[in-house]
$ cat work.txt   # compact mmCIF, C-alpha atoms
# COMPACT_ATOMS: atom_id res chain seq x y z
CA MET A 7 -31.84 22.08 -3.50
CA THR A 8 -31.80 19.52 -6.33
CA LYS A 9 -28.54 19.36 -8.29
CA ARG A 10 -28.73 18.31 -11.93
CA PHE A 11 -25.74 17.23 -13.96
CA GLY A 12 -24.59 14.93 -16.75
CA ALA A 13 -23.75 11.29 -16.12
CA ALA A 14 -23.22 8.14 -18.17
CA VAL A 15 -26.09 5.76 -17.38
CA LEU A 16 -26.09 2.04 -18.15
CA ARG A 17 -29.75 1.02 -18.46
CA SER A 18 -29.38 -2.65 -19.44
CA TYR A 19 -26.61 -5.22 -19.54
CA GLU A 20 -26.56 -5.18 -23.35
CA SER A 21 -27.11 -1.49 -24.10
CA PRO A 22 -24.49 1.23 -24.61
CA PHE A 23 -23.93 3.92 -22.02
CA VAL A 24 -26.07 7.03 -22.50
CA VAL A 25 -24.94 10.41 -21.17
CA GLU A 26 -28.06 12.00 -19.72
CA GLU A 27 -29.17 14.36 -16.99
CA VAL A 28 -29.39 12.93 -13.47
CA SER A 29 -30.35 14.55 -10.18
CA LEU A 30 -29.29 14.60 -6.57
CA GLY A 31 -32.18 15.65 -4.36
CA ALA A 32 -30.17 16.91 -1.38
CA GLY A 33 -26.72 17.99 -0.32
CA PRO A 34 -24.22 15.80 1.54
CA ALA A 35 -25.42 13.99 4.63
CA ASP A 36 -23.20 13.61 7.69
CA GLY A 37 -19.92 12.04 6.66
CA GLU A 38 -20.40 12.68 2.94
CA ILE A 39 -18.79 15.03 0.44
CA LEU A 40 -19.89 16.28 -2.96
CA VAL A 41 -17.06 16.13 -5.50
CA ARG A 42 -16.85 17.76 -8.93
CA ILE A 43 -15.26 15.02 -11.01
CA ALA A 44 -12.19 16.05 -13.01
CA GLY A 45 -11.53 12.60 -14.44
CA CYS A 46 -12.55 8.99 -13.89
CA GLY A 47 -10.69 5.88 -14.97
CA MET A 48 -12.53 3.05 -16.68
CA CYS A 49 -11.77 -0.28 -14.98
CA ARG A 50 -12.61 -3.76 -16.21
CA THR A 51 -14.70 -4.17 -13.06
CA ASP A 52 -17.02 -1.50 -14.48
CA LEU A 53 -17.31 -3.42 -17.73
CA ALA A 54 -17.81 -6.75 -15.95
CA VAL A 55 -21.24 -5.50 -14.86
CA ARG A 56 -22.45 -6.63 -18.27
CA ARG A 57 -21.54 -10.22 -17.28
CA SER A 58 -22.77 -10.06 -13.69
CA ALA A 59 -25.79 -12.29 -14.31
CA GLY A 60 -28.10 -9.55 -13.07
CA ARG A 61 -26.52 -9.24 -9.62
CA SER A 62 -25.45 -5.61 -10.11
CA PRO A 63 -28.62 -3.49 -10.14
CA LEU A 64 -29.47 -1.33 -13.15
CA PRO A 65 -30.04 1.34 -14.32
CA ALA A 66 -26.87 2.68 -12.76
CA VAL A 67 -24.12 5.20 -13.01
CA LEU A 68 -20.89 3.22 -12.83
CA GLY A 69 -17.33 4.50 -12.41
CA HIS A 70 -15.13 3.92 -9.37
CA GLU A 71 -11.80 5.55 -10.19
CA GLY A 72 -12.88 9.15 -9.77
CA ALA A 73 -10.83 12.18 -8.81
CA GLY A 74 -11.86 15.79 -8.43
CA VAL A 75 -12.48 18.77 -6.19
CA VAL A 76 -14.65 18.91 -3.07
CA VAL A 77 -17.47 21.42 -3.58
CA GLU A 78 -19.56 20.70 -0.48
CA THR A 79 -19.16 18.78 2.78
CA GLY A 80 -21.68 17.27 5.15
CA GLY A 81 -21.26 17.48 8.89
CA PRO A 82 -18.20 18.49 10.89
CA ASP A 83 -16.33 15.19 10.79
CA THR A 84 -15.43 14.62 7.15
CA GLY A 85 -11.87 15.84 7.63
CA LEU A 86 -12.10 17.58 4.25
CA SER A 87 -12.81 21.12 3.11
CA VAL A 88 -14.31 22.78 0.06
CA GLY A 89 -11.57 23.14 -2.55
CA ASP A 90 -9.63 20.04 -1.50
CA HIS A 91 -8.44 17.82 -4.34
CA VAL A 92 -9.29 14.18 -3.70
CA VAL A 93 -8.84 10.72 -5.20
CA LEU A 94 -11.83 8.43 -4.64
CA SER A 95 -11.38 4.78 -3.75
CA PHE A 96 -13.52 1.80 -2.75
CA ASP A 97 -16.25 1.83 -0.12
CA SER A 98 -16.02 0.10 3.27
CA CYS A 99 -18.06 0.12 6.46
CA GLY A 100 -15.32 1.35 8.81
CA HIS A 101 -16.42 -0.68 11.81
CA CYS A 102 -16.06 -4.42 11.07
CA ARG A 103 -13.00 -6.38 12.26
CA SER A 104 -11.25 -6.03 8.90
CA CYS A 105 -11.78 -2.28 8.68
CA LEU A 106 -10.65 -1.80 12.28
CA GLY A 107 -7.64 -3.97 11.49
CA ALA A 108 -6.48 -1.67 8.65
CA ALA A 109 -7.71 -4.09 5.97
CA PRO A 110 -10.66 -2.21 4.42
CA ALA A 111 -10.44 -4.20 1.17
CA TYR A 112 -11.62 -7.21 3.20
CA CYS A 113 -14.52 -5.35 4.79
CA ASP A 114 -17.32 -7.71 5.77
CA SER A 115 -19.64 -5.66 3.56
CA PHE A 116 -17.25 -5.08 0.64
CA ALA A 117 -19.24 -6.92 -2.04
CA SER A 118 -22.56 -5.50 -0.91
CA LEU A 119 -21.35 -1.90 -0.60
CA ASN A 120 -19.29 -1.77 -3.77
CA LEU A 121 -20.87 -4.17 -6.25
CA PHE A 122 -24.46 -4.94 -5.38
CA GLY A 123 -25.99 -1.69 -4.19
CA GLY A 124 -25.96 -2.62 -0.54
CA ARG A 125 -25.62 0.83 1.03
CA THR A 126 -29.16 1.75 1.95
CA GLU A 127 -28.91 5.23 3.42
CA ASN A 128 -29.52 8.26 1.20
CA THR A 129 -29.95 6.21 -1.98
CA ALA A 130 -33.32 7.61 -3.09
CA ARG A 131 -31.80 11.04 -3.74
CA PHE A 132 -30.12 9.77 -6.93
CA THR A 133 -32.60 9.80 -9.84
CA ASP A 134 -32.80 10.28 -13.59
CA ALA A 135 -34.42 13.27 -15.29
CA ALA A 136 -37.85 11.62 -15.08
CA GLY A 137 -37.50 11.13 -11.34
CA ALA A 138 -36.98 7.36 -11.57
CA PRO A 139 -34.44 6.03 -9.05
CA LEU A 140 -31.00 4.90 -10.17
CA ALA A 141 -29.11 2.10 -8.45
CA PRO A 142 -27.26 2.95 -5.23
CA ARG A 143 -23.82 4.39 -5.73
CA TRP A 144 -21.32 2.08 -7.42
CA PHE A 145 -18.27 1.66 -5.14
CA GLY A 146 -19.70 4.50 -3.07
CA GLN A 147 -19.12 7.02 -5.86
CA SER A 148 -20.69 6.41 -9.33
CA SER A 149 -18.14 8.74 -10.87
CA PHE A 150 -18.87 8.38 -14.60
CA ALA A 151 -20.47 11.77 -14.04
CA GLU A 152 -19.82 15.46 -13.55
CA TYR A 153 -20.39 15.13 -9.78
CA ALA A 154 -20.26 12.33 -7.23
CA MET A 155 -21.64 12.12 -3.69
CA VAL A 156 -19.12 10.11 -1.72
CA PRO A 157 -18.60 8.89 1.86
CA ALA A 158 -15.65 10.92 3.09
CA ARG A 159 -13.84 7.75 4.16
CA ASN A 160 -13.60 6.86 0.42
CA ALA A 161 -11.69 10.06 -0.39
CA VAL A 162 -7.97 10.73 -0.10
CA ARG A 163 -6.74 14.32 -0.15
CA VAL A 164 -3.90 14.99 -2.61
CA ASP A 165 -1.74 17.99 -3.40
CA SER A 166 -3.53 20.49 -5.61
CA SER A 167 -0.48 20.85 -7.86
CA LEU A 168 -0.90 17.29 -9.12
CA PRO A 169 -2.80 16.63 -12.40
CA ILE A 170 -6.10 15.79 -10.71
CA GLU A 171 -7.82 14.67 -13.93
CA LEU A 172 -5.32 11.77 -14.24
CA LEU A 173 -5.23 10.58 -10.64
CA GLY A 174 -8.46 8.56 -10.44
CA PRO A 175 -6.94 5.16 -11.40
CA LEU A 176 -4.74 5.43 -8.29
CA GLY A 177 -7.94 4.65 -6.36
CA CYS A 178 -8.35 1.12 -7.78
CA GLY A 179 -6.47 -0.32 -10.78
CA PHE A 180 -3.05 1.17 -10.15
CA LEU A 181 -3.59 0.82 -6.39
CA THR A 182 -4.22 -2.91 -6.84
CA GLY A 183 -1.08 -3.65 -8.87
CA ALA A 184 1.24 -1.46 -6.84
CA GLY A 185 -0.29 -2.59 -3.55
CA ALA A 186 0.28 -6.23 -4.42
CA VAL A 187 4.00 -5.49 -4.74
CA PHE A 188 4.40 -3.13 -1.78
CA ASN A 189 1.86 -4.58 0.65
CA SER A 190 0.99 -8.18 -0.21
CA PHE A 191 4.52 -9.17 -1.19
CA GLY A 192 6.56 -6.55 0.64
CA ALA A 193 9.04 -6.73 -2.23
CA GLY A 194 12.38 -5.00 -2.01
CA PRO A 195 15.83 -4.86 -3.60
CA GLY A 196 17.06 -8.26 -4.70
CA ASP A 197 13.61 -9.83 -4.85
CA SER A 198 12.17 -11.12 -8.11
CA ILE A 199 8.62 -10.80 -9.41
CA ALA A 200 6.90 -12.33 -12.44
CA VAL A 201 3.80 -10.41 -13.57
CA PHE A 202 1.31 -12.26 -15.75
CA GLY A 203 -0.81 -9.86 -17.80
CA ALA A 204 0.44 -6.41 -18.78
CA GLY A 205 -2.77 -4.46 -18.46
CA ALA A 206 -3.37 -1.60 -16.06
CA VAL A 207 -2.99 -3.70 -12.90
CA GLY A 208 -0.05 -5.69 -14.21
CA LEU A 209 1.85 -2.66 -15.48
CA ALA A 210 1.25 -0.87 -12.17
CA ALA A 211 2.85 -3.91 -10.52
CA VAL A 212 5.78 -3.67 -12.95
CA MET A 213 6.30 0.00 -12.09
CA ALA A 214 6.09 -0.70 -8.37
CA ALA A 215 8.48 -3.64 -8.62
CA THR A 216 10.97 -1.52 -10.54
CA ALA A 217 10.63 1.25 -7.94
CA ALA A 218 11.22 -1.33 -5.20
CA GLY A 219 14.43 -2.52 -6.84
CA ALA A 220 13.11 -5.99 -7.70
CA VAL A 221 14.04 -8.02 -10.78
CA THR A 222 10.86 -8.09 -12.84
CA VAL A 223 9.52 -10.26 -15.67
CA ALA A 224 6.32 -9.41 -17.56
CA VAL A 225 4.29 -12.00 -19.47
CA ASP A 226 1.62 -11.03 -22.00
CA ARG A 227 0.29 -12.05 -25.41
CA HIS A 228 0.33 -8.52 -26.91
CA PRO A 229 3.72 -7.39 -28.29
CA GLU A 230 2.89 -3.71 -27.72
CA ARG A 231 2.10 -4.37 -24.05
CA LEU A 232 5.37 -6.25 -23.66
CA ALA A 233 7.24 -3.35 -25.23
CA LEU A 234 5.63 -0.99 -22.73
CA ALA A 235 6.49 -3.32 -19.84
CA GLU A 236 10.09 -3.39 -21.03
CA ARG A 237 10.24 0.42 -21.08
CA LEU A 238 8.96 0.35 -17.50
CA GLY A 239 11.76 -1.95 -16.36
CA ALA A 240 10.61 -5.55 -16.91
CA SER A 241 12.09 -8.33 -18.99
CA PRO A 242 9.34 -9.19 -21.52
CA LEU A 243 8.19 -12.75 -22.29
CA PRO A 244 5.42 -13.71 -24.72
CA ALA A 245 2.71 -15.76 -23.00
CA ALA A 246 3.02 -18.44 -25.69
CA SER A 247 6.75 -18.94 -25.08
CA ALA A 248 7.81 -22.58 -25.04
CA GLY A 249 8.95 -23.63 -21.59
CA LEU A 250 7.69 -20.41 -20.02
CA PRO A 251 8.41 -21.39 -16.37
CA ASP A 252 11.97 -22.38 -17.28
CA ARG A 253 12.54 -19.07 -19.04
CA ILE A 254 11.29 -17.17 -16.01
CA ARG A 255 13.58 -19.17 -13.73
CA GLN A 256 16.50 -18.29 -15.97
CA LEU A 257 15.71 -14.60 -15.76
CA THR A 258 15.19 -14.66 -11.99
CA ASP A 259 18.23 -16.69 -10.89
CA GLY A 260 16.44 -19.92 -10.14
CA GLY A 261 12.84 -18.80 -9.78
CA ALA A 262 10.71 -15.80 -8.92
CA ARG A 263 10.10 -15.12 -5.26
CA TYR A 264 6.72 -13.61 -6.12
CA ALA A 265 4.29 -13.86 -9.01
CA LEU A 266 1.16 -11.84 -9.74
CA ASP A 267 -1.51 -13.13 -12.08
CA THR A 268 -3.99 -10.64 -13.51
CA THR A 269 -5.31 -12.89 -16.29
CA GLY A 270 -7.37 -15.60 -14.58
CA SER A 271 -5.93 -18.10 -17.09
CA ALA A 272 -5.59 -21.56 -15.54
CA GLN A 273 -2.60 -22.38 -17.75
CA LEU A 274 -0.75 -19.18 -16.83
CA ILE A 275 -1.54 -19.66 -13.14
CA ASN A 276 0.03 -23.10 -13.29
CA ASP A 277 3.00 -21.67 -15.20
CA ALA A 278 3.35 -18.98 -12.55
CA LEU A 279 3.44 -21.56 -9.75
CA ARG A 280 6.07 -23.60 -11.60
CA ALA A 281 8.17 -20.46 -12.08
CA LEU A 282 8.32 -19.76 -8.33
CA ARG A 283 11.31 -20.61 -6.20
CA PRO A 284 10.70 -22.71 -3.04
CA THR A 285 8.42 -20.87 -0.56
CA GLY A 286 7.38 -18.49 -3.36
CA HIS A 287 4.05 -16.66 -3.28
CA LEU A 288 1.58 -16.32 -6.16
CA GLY A 289 -1.08 -13.63 -5.82
CA LEU A 290 -4.27 -13.65 -7.90
CA VAL A 291 -6.25 -10.50 -8.59
CA ALA A 292 -8.56 -11.62 -11.41
CA ARG A 293 -11.95 -13.10 -10.55
CA LEU A 294 -12.09 -16.79 -11.47
CA HIS A 295 -15.30 -17.90 -13.19
CA THR A 296 -14.56 -21.64 -13.32
CA ALA A 297 -12.81 -24.22 -11.17
CA LEU A 298 -9.03 -23.82 -11.10
CA PRO A 299 -7.23 -27.10 -11.84
CA LEU A 300 -3.72 -27.15 -10.33
CA GLU A 301 -1.21 -29.47 -11.93
CA PRO A 302 0.67 -31.97 -9.75
CA GLY A 303 3.73 -30.47 -8.13
CA THR A 304 2.77 -26.82 -8.54
CA LEU A 305 2.30 -26.27 -4.78
CA ASP A 306 5.28 -28.35 -3.67
CA ARG A 307 8.21 -27.00 -1.64
CA GLY A 308 6.32 -24.40 0.34
CA ARG A 309 4.84 -22.51 -2.58
CA ARG A 310 1.55 -20.81 -1.80
CA ILE A 311 -1.27 -19.05 -3.58
CA SER A 312 -3.63 -16.33 -2.33
CA HIS A 313 -6.19 -13.88 -3.61
CA ILE A 314 -5.32 -10.16 -3.35
CA CYS A 315 -8.10 -7.57 -3.18
CA GLU A 316 -7.37 -3.89 -3.86
CA GLY A 317 -3.66 -4.49 -3.29
CA ASP A 318 -4.21 -5.07 0.45
CA ALA A 319 -4.17 -1.28 0.55
CA VAL A 320 -5.24 1.38 2.96
CA PRO A 321 -5.88 4.00 0.25
CA GLY A 322 -5.01 6.94 2.51
CA LEU A 323 -1.52 5.50 2.95
CA LEU A 324 -0.76 4.06 -0.47
CA ILE A 325 -2.12 6.81 -2.74
CA PRO A 326 0.22 9.49 -1.30
CA ARG A 327 3.09 7.04 -1.69
CA LEU A 328 2.25 6.54 -5.36
CA THR A 329 1.96 10.26 -6.08
CA ALA A 330 5.33 10.84 -4.39
CA LEU A 331 6.88 8.12 -6.55
CA TRP A 332 5.31 9.70 -9.65
CA ARG A 333 6.83 13.07 -8.77
CA ALA A 334 10.19 11.35 -8.41
CA GLY A 335 9.82 9.79 -11.88
CA ARG A 336 9.59 6.28 -10.43
CA PHE A 337 5.91 5.46 -11.01
CA PRO A 338 5.03 6.97 -14.42
CA PHE A 339 1.39 5.89 -14.44
CA ASP A 340 0.45 8.75 -16.78
CA GLN A 341 2.17 6.82 -19.59
CA LEU A 342 -0.62 4.22 -19.39
CA ILE A 343 -3.50 6.69 -19.73
CA ARG A 344 -5.50 7.90 -22.72
CA THR A 345 -8.17 10.49 -22.01
CA TYR A 346 -11.64 10.64 -23.56
CA PRO A 347 -14.54 13.08 -23.15
CA LEU A 348 -17.25 11.53 -20.98
CA ALA A 349 -19.49 11.71 -24.05
CA ASP A 350 -17.15 9.21 -25.76
CA ILE A 351 -17.55 6.58 -23.05
CA ASN A 352 -18.68 3.90 -25.50
CA GLU A 353 -15.61 4.45 -27.66
CA ALA A 354 -13.47 4.18 -24.53
CA GLU A 355 -15.17 0.88 -23.67
CA ARG A 356 -14.57 -0.50 -27.16
CA ASP A 357 -10.90 0.53 -27.06
CA CYS A 358 -10.51 -1.03 -23.62
CA ASP A 359 -12.13 -4.30 -24.69
CA ALA A 360 -9.97 -4.44 -27.83
CA GLY A 361 -6.76 -3.76 -25.91
CA ARG A 362 -6.10 -0.53 -27.80
CA VAL A 363 -5.69 1.40 -24.56
CA VAL A 364 -4.31 0.37 -21.17
CA LYS A 365 -6.27 2.80 -19.00
CA PRO A 366 -9.03 5.03 -20.41
CA VAL A 367 -9.79 8.11 -18.32
CA LEU A 368 -13.06 9.94 -18.94
CA ILE A 369 -13.10 13.73 -18.62
CA PRO A 370 -16.52 15.32 -17.90
CA GLY A 371 -17.19 18.52 -19.78
CA ARG A 372 -14.54 17.98 -22.44
CA THR A 373 -15.86 18.06 -25.98
CA GLY A 374 -12.83 16.75 -27.88
CA ARG A 375 -9.53 14.98 -27.48
$ encode --input "work.txt" --output "structure tokens"
Amino acid sequence: MTKRFGAAVLRSYESPFVVEEVSLGAGPADGEILVRIAGCGMCRTDLAVRRSAGRSPLPAVLGHEGAGVVVETGGPDTGLSVGDHVVLSFDSCGHCRSCLGAAPAYCDSFASLNLFGGRTENTARFTDAAGAPLAPRWFGQSSFAEYAMVPARNAVRVDSSLPIELLGPLGCGFLTGAGAVFNSFGAGPGDSIAVFGAGAVGLAAVMAATAAGAVTVAVDRHPERLALAERLGASPLPAASAGLPDRIRQLTDGGARYALDTTGSAQLINDALRALRPTGHLGLVARLHTALPLEPGTLDRGRRISHICEGDAVPGLLIPRLTALWRAGRFPFDQLIRTYPLADINEAERDCDAGRVVKPVLIPGRTGR
């Protein structure tokens, strides 16, 4: 039976989103679940589609930080039941060496499955009201919509007493920042971390670092973001501070053991390396669009630099950890969220681009704030 529901469709790289009726032509296949979306975070990766040089297929329903309730399951092996509350995360194949090695963020097919419409099975079921096909599911979910058809391996069951409409960003943005601290760095009490960029990923890293007992410094160009980082436990530093690496070293007793850059700024990346103590580790999460010039001396004395994807996380392990920390008052991610009706998706995008909101979350079916 065909299921029709509202979704935000992006039809060209320059056009606004349009909320329109879309259709699913069949129920879940083996290993899939149908989820009624309660809320979906808007991530800058969604917005970067506009600058993807045509590599991400359109028209498409984007959205990859969905959360909601399972309404139908396919096959006996999903491990989920109707009525389960789930957070949706990134797609992965489940059988390559990285997936089998508990590193699904480095799946051999990650870019194809999540960004470029590479999953080929069951894609033709997803159409617009005129019957024209939409692009294969974005990050395995396409959750800027009232419903999402999702591979069960993308879904993490959570306690039904949690505020499900707010949990979606735990599947990507907050997962990435917190995972960098907990997984990539393995930070603990007495460690020091400098976070460059106090957006959703950076502030998630600040919260995780504070929860881990690490000394934390946050660098950003927006005073209001620095004020928020300070409330979350970090020492704030304006990005334009004179002698920024020296100031970080002063705040971290000789240099940060870890640094996380979320900005992609070559100058801040070099500042981050200079702020590290010997053998320090800088992690990058932003996609670099140009060559990265490293200044002489920045990688001396055992310092190293690496790229971090999805916080090196196994979502089924990290998401429950983050919800437990939230319940304990130690990961207050809800303070970063502003909710919008799905119909106001273009306003949410404008606010996100302008820095007026840290993490927009779109609520299907809501008609007002």
$ closest_atom_pairs --input "work.txt" --of "region 158-248 of chain A" --to "region 322-339 of chain A" --cutoff "12 Å" --atoms "all atoms listed in the file" --output "CSV"
residue,atom,partner,partner_atom,distance
A:Ala158,CA,A:Gly322,CA,11.4
A:Arg159,CA,A:Gly322,CA,9.0
A:Asn160,CA,A:Gly322,CA,8.8
A:Ala161,CA,A:Gly322,CA,7.9
A:Val162,CA,A:Gly322,CA,5.5
A:Arg163,CA,A:Gly322,CA,8.0
A:Val164,CA,A:Pro326,CA,7.0
A:Asp165,CA,A:Pro326,CA,9.0
A:Ser166,CA,A:Thr329,CA,11.6
A:Ser167,CA,A:Arg333,CA,10.7
A:Leu168,CA,A:Thr329,CA,8.2
A:Pro169,CA,A:Thr329,CA,10.2
A:Ile170,CA,A:Thr329,CA,10.8
A:Leu172,CA,A:Phe339,CA,8.9
A:Leu173,CA,A:Thr329,CA,8.5
A:Gly174,CA,A:Ile325,CA,10.1
A:Pro175,CA,A:Phe339,CA,8.9
A:Leu176,CA,A:Ile325,CA,6.3
A:Gly177,CA,A:Ile325,CA,7.2
A:Cys178,CA,A:Ile325,CA,9.8
A:Gly179,CA,A:Phe339,CA,10.7
A:Phe180,CA,A:Phe339,CA,7.8
A:Leu181,CA,A:Ile325,CA,7.2
A:Thr182,CA,A:Leu324,CA,10.1
A:Gly183,CA,A:Leu328,CA,11.3
A:Ala184,CA,A:Leu328,CA,8.2
A:Gly185,CA,A:Leu324,CA,7.3
A:Ala186,CA,A:Leu324,CA,11.1
A:Val187,CA,A:Leu324,CA,11.5
A:Phe188,CA,A:Leu324,CA,8.9
A:Asn189,CA,A:Leu324,CA,9.1
A:Gly205,CA,A:Phe339,CA,11.9
A:Ala206,CA,A:Phe339,CA,9.0
A:Val207,CA,A:Phe339,CA,10.7
A:Gly208,CA,A:Phe339,CA,11.7
A:Leu209,CA,A:Phe339,CA,8.6
A:Ala210,CA,A:Phe339,CA,7.1
A:Ala211,CA,A:Phe337,CA,9.9
A:Val212,CA,A:Phe337,CA,9.3
A:Met213,CA,A:Phe337,CA,5.6
A:Ala214,CA,A:Phe337,CA,6.7
A:Ala215,CA,A:Phe337,CA,9.8
A:Thr216,CA,A:Arg336,CA,7.9
A:Ala217,CA,A:Arg336,CA,5.7
A:Ala218,CA,A:Arg336,CA,9.4
A:Gly219,CA,A:Arg336,CA,10.7
A:Leu234,CA,A:Pro338,CA,11.5
A:Ala235,CA,A:Pro338,CA,11.7
A:Arg237,CA,A:Pro338,CA,10.7
A:Leu238,CA,A:Pro338,CA,8.3
A:Gly239,CA,A:Arg336,CA,10.4
$ closest_atom_pairs --input "work.txt" --of "region 20-54 of chain A" --to "region 140-155 of chain A" --cutoff "6 Å" --atoms "all atoms listed in the file" --output "Markdown table"
| residue | atom | partner | partner_atom | distance |
| --- | --- | --- | --- | --- |
| A:Ile39 | CA | A:Met155 | CA | 5.8 |
| A:Leu40 | CA | A:Met155 | CA | 4.6 |
| A:Val41 | CA | A:Ala154 | CA | 5.3 |
| A:Arg42 | CA | A:Tyr153 | CA | 4.5 |
| A:Ile43 | CA | A:Glu152 | CA | 5.2 |
$ write_last_selection --input "work.txt" --atoms "C-alpha atoms" --output "PDB file, keeping the file's coordinate frame"
ATOM      1  CA  ILE A  39     -18.790  15.030   0.440  1.00  0.00           C
ATOM      2  CA  LEU A  40     -19.890  16.280  -2.960  1.00  0.00           C
ATOM      3  CA  VAL A  41     -17.060  16.130  -5.500  1.00  0.00           C
ATOM      4  CA  ARG A  42     -16.850  17.760  -8.930  1.00  0.00           C
ATOM      5  CA  ILE A  43     -15.260  15.020 -11.010  1.00  0.00           C
TER       6      ILE A  43
END
$ atom_distance --input "work.txt" --atom1 "CA of Met48 (chain A)" --atom2 "CA of Pro139 (chain A)"
23.4 Å
$ residues_near_point --input "work.txt" --point "(-16.9, 2.1, -20.6)" --cutoff "9 Å" --atoms "all atoms listed in the file" --output "PyMOL selection string"
chain A and resi 22-23+48-50+52-53+68-69+150+350-359+366+368
$ write_last_selection --input "work.txt" --atoms "C-alpha atoms" --output "tab-separated table (two decimals), in the frame of the given file"
chain	number	residue	atom	x	y	z
A	22	PRO	CA	-24.49	1.23	-24.61
A	23	PHE	CA	-23.93	3.92	-22.02
A	48	MET	CA	-12.53	3.05	-16.68
A	49	CYS	CA	-11.77	-0.28	-14.98
A	50	ARG	CA	-12.61	-3.76	-16.21
A	52	ASP	CA	-17.02	-1.50	-14.48
A	53	LEU	CA	-17.31	-3.42	-17.73
A	68	LEU	CA	-20.89	3.22	-12.83
A	69	GLY	CA	-17.33	4.50	-12.41
A	150	PHE	CA	-18.87	8.38	-14.60
A	350	ASP	CA	-17.15	9.21	-25.76
A	351	ILE	CA	-17.55	6.58	-23.05
A	352	ASN	CA	-18.68	3.90	-25.50
A	353	GLU	CA	-15.61	4.45	-27.66
A	354	ALA	CA	-13.47	4.18	-24.53
A	355	GLU	CA	-15.17	0.88	-23.67
A	356	ARG	CA	-14.57	-0.50	-27.16
A	357	ASP	CA	-10.90	0.53	-27.06
A	358	CYS	CA	-10.51	-1.03	-23.62
A	359	ASP	CA	-12.13	-4.30	-24.69
A	366	PRO	CA	-9.03	5.03	-20.41
A	368	LEU	CA	-13.06	9.94	-18.94
$ residues_around --input "work.txt" --residues "Cys105 (chain A)" --least-positions-apart "5" --cutoff "12 Å" --atoms "all atoms listed in the file" --output "ChimeraX atom specification"
/A:97-100,110-116,159,318-320
$ residues_around --input "work.txt" --residues "Gly270 (chain A)" --least-positions-apart "4" --cutoff "9 Å" --atoms "all atoms listed in the file" --output "list in words"
Leu274, Ile275, Leu290, Val291, Ala292, Arg293, Leu294 and His295 of chain A
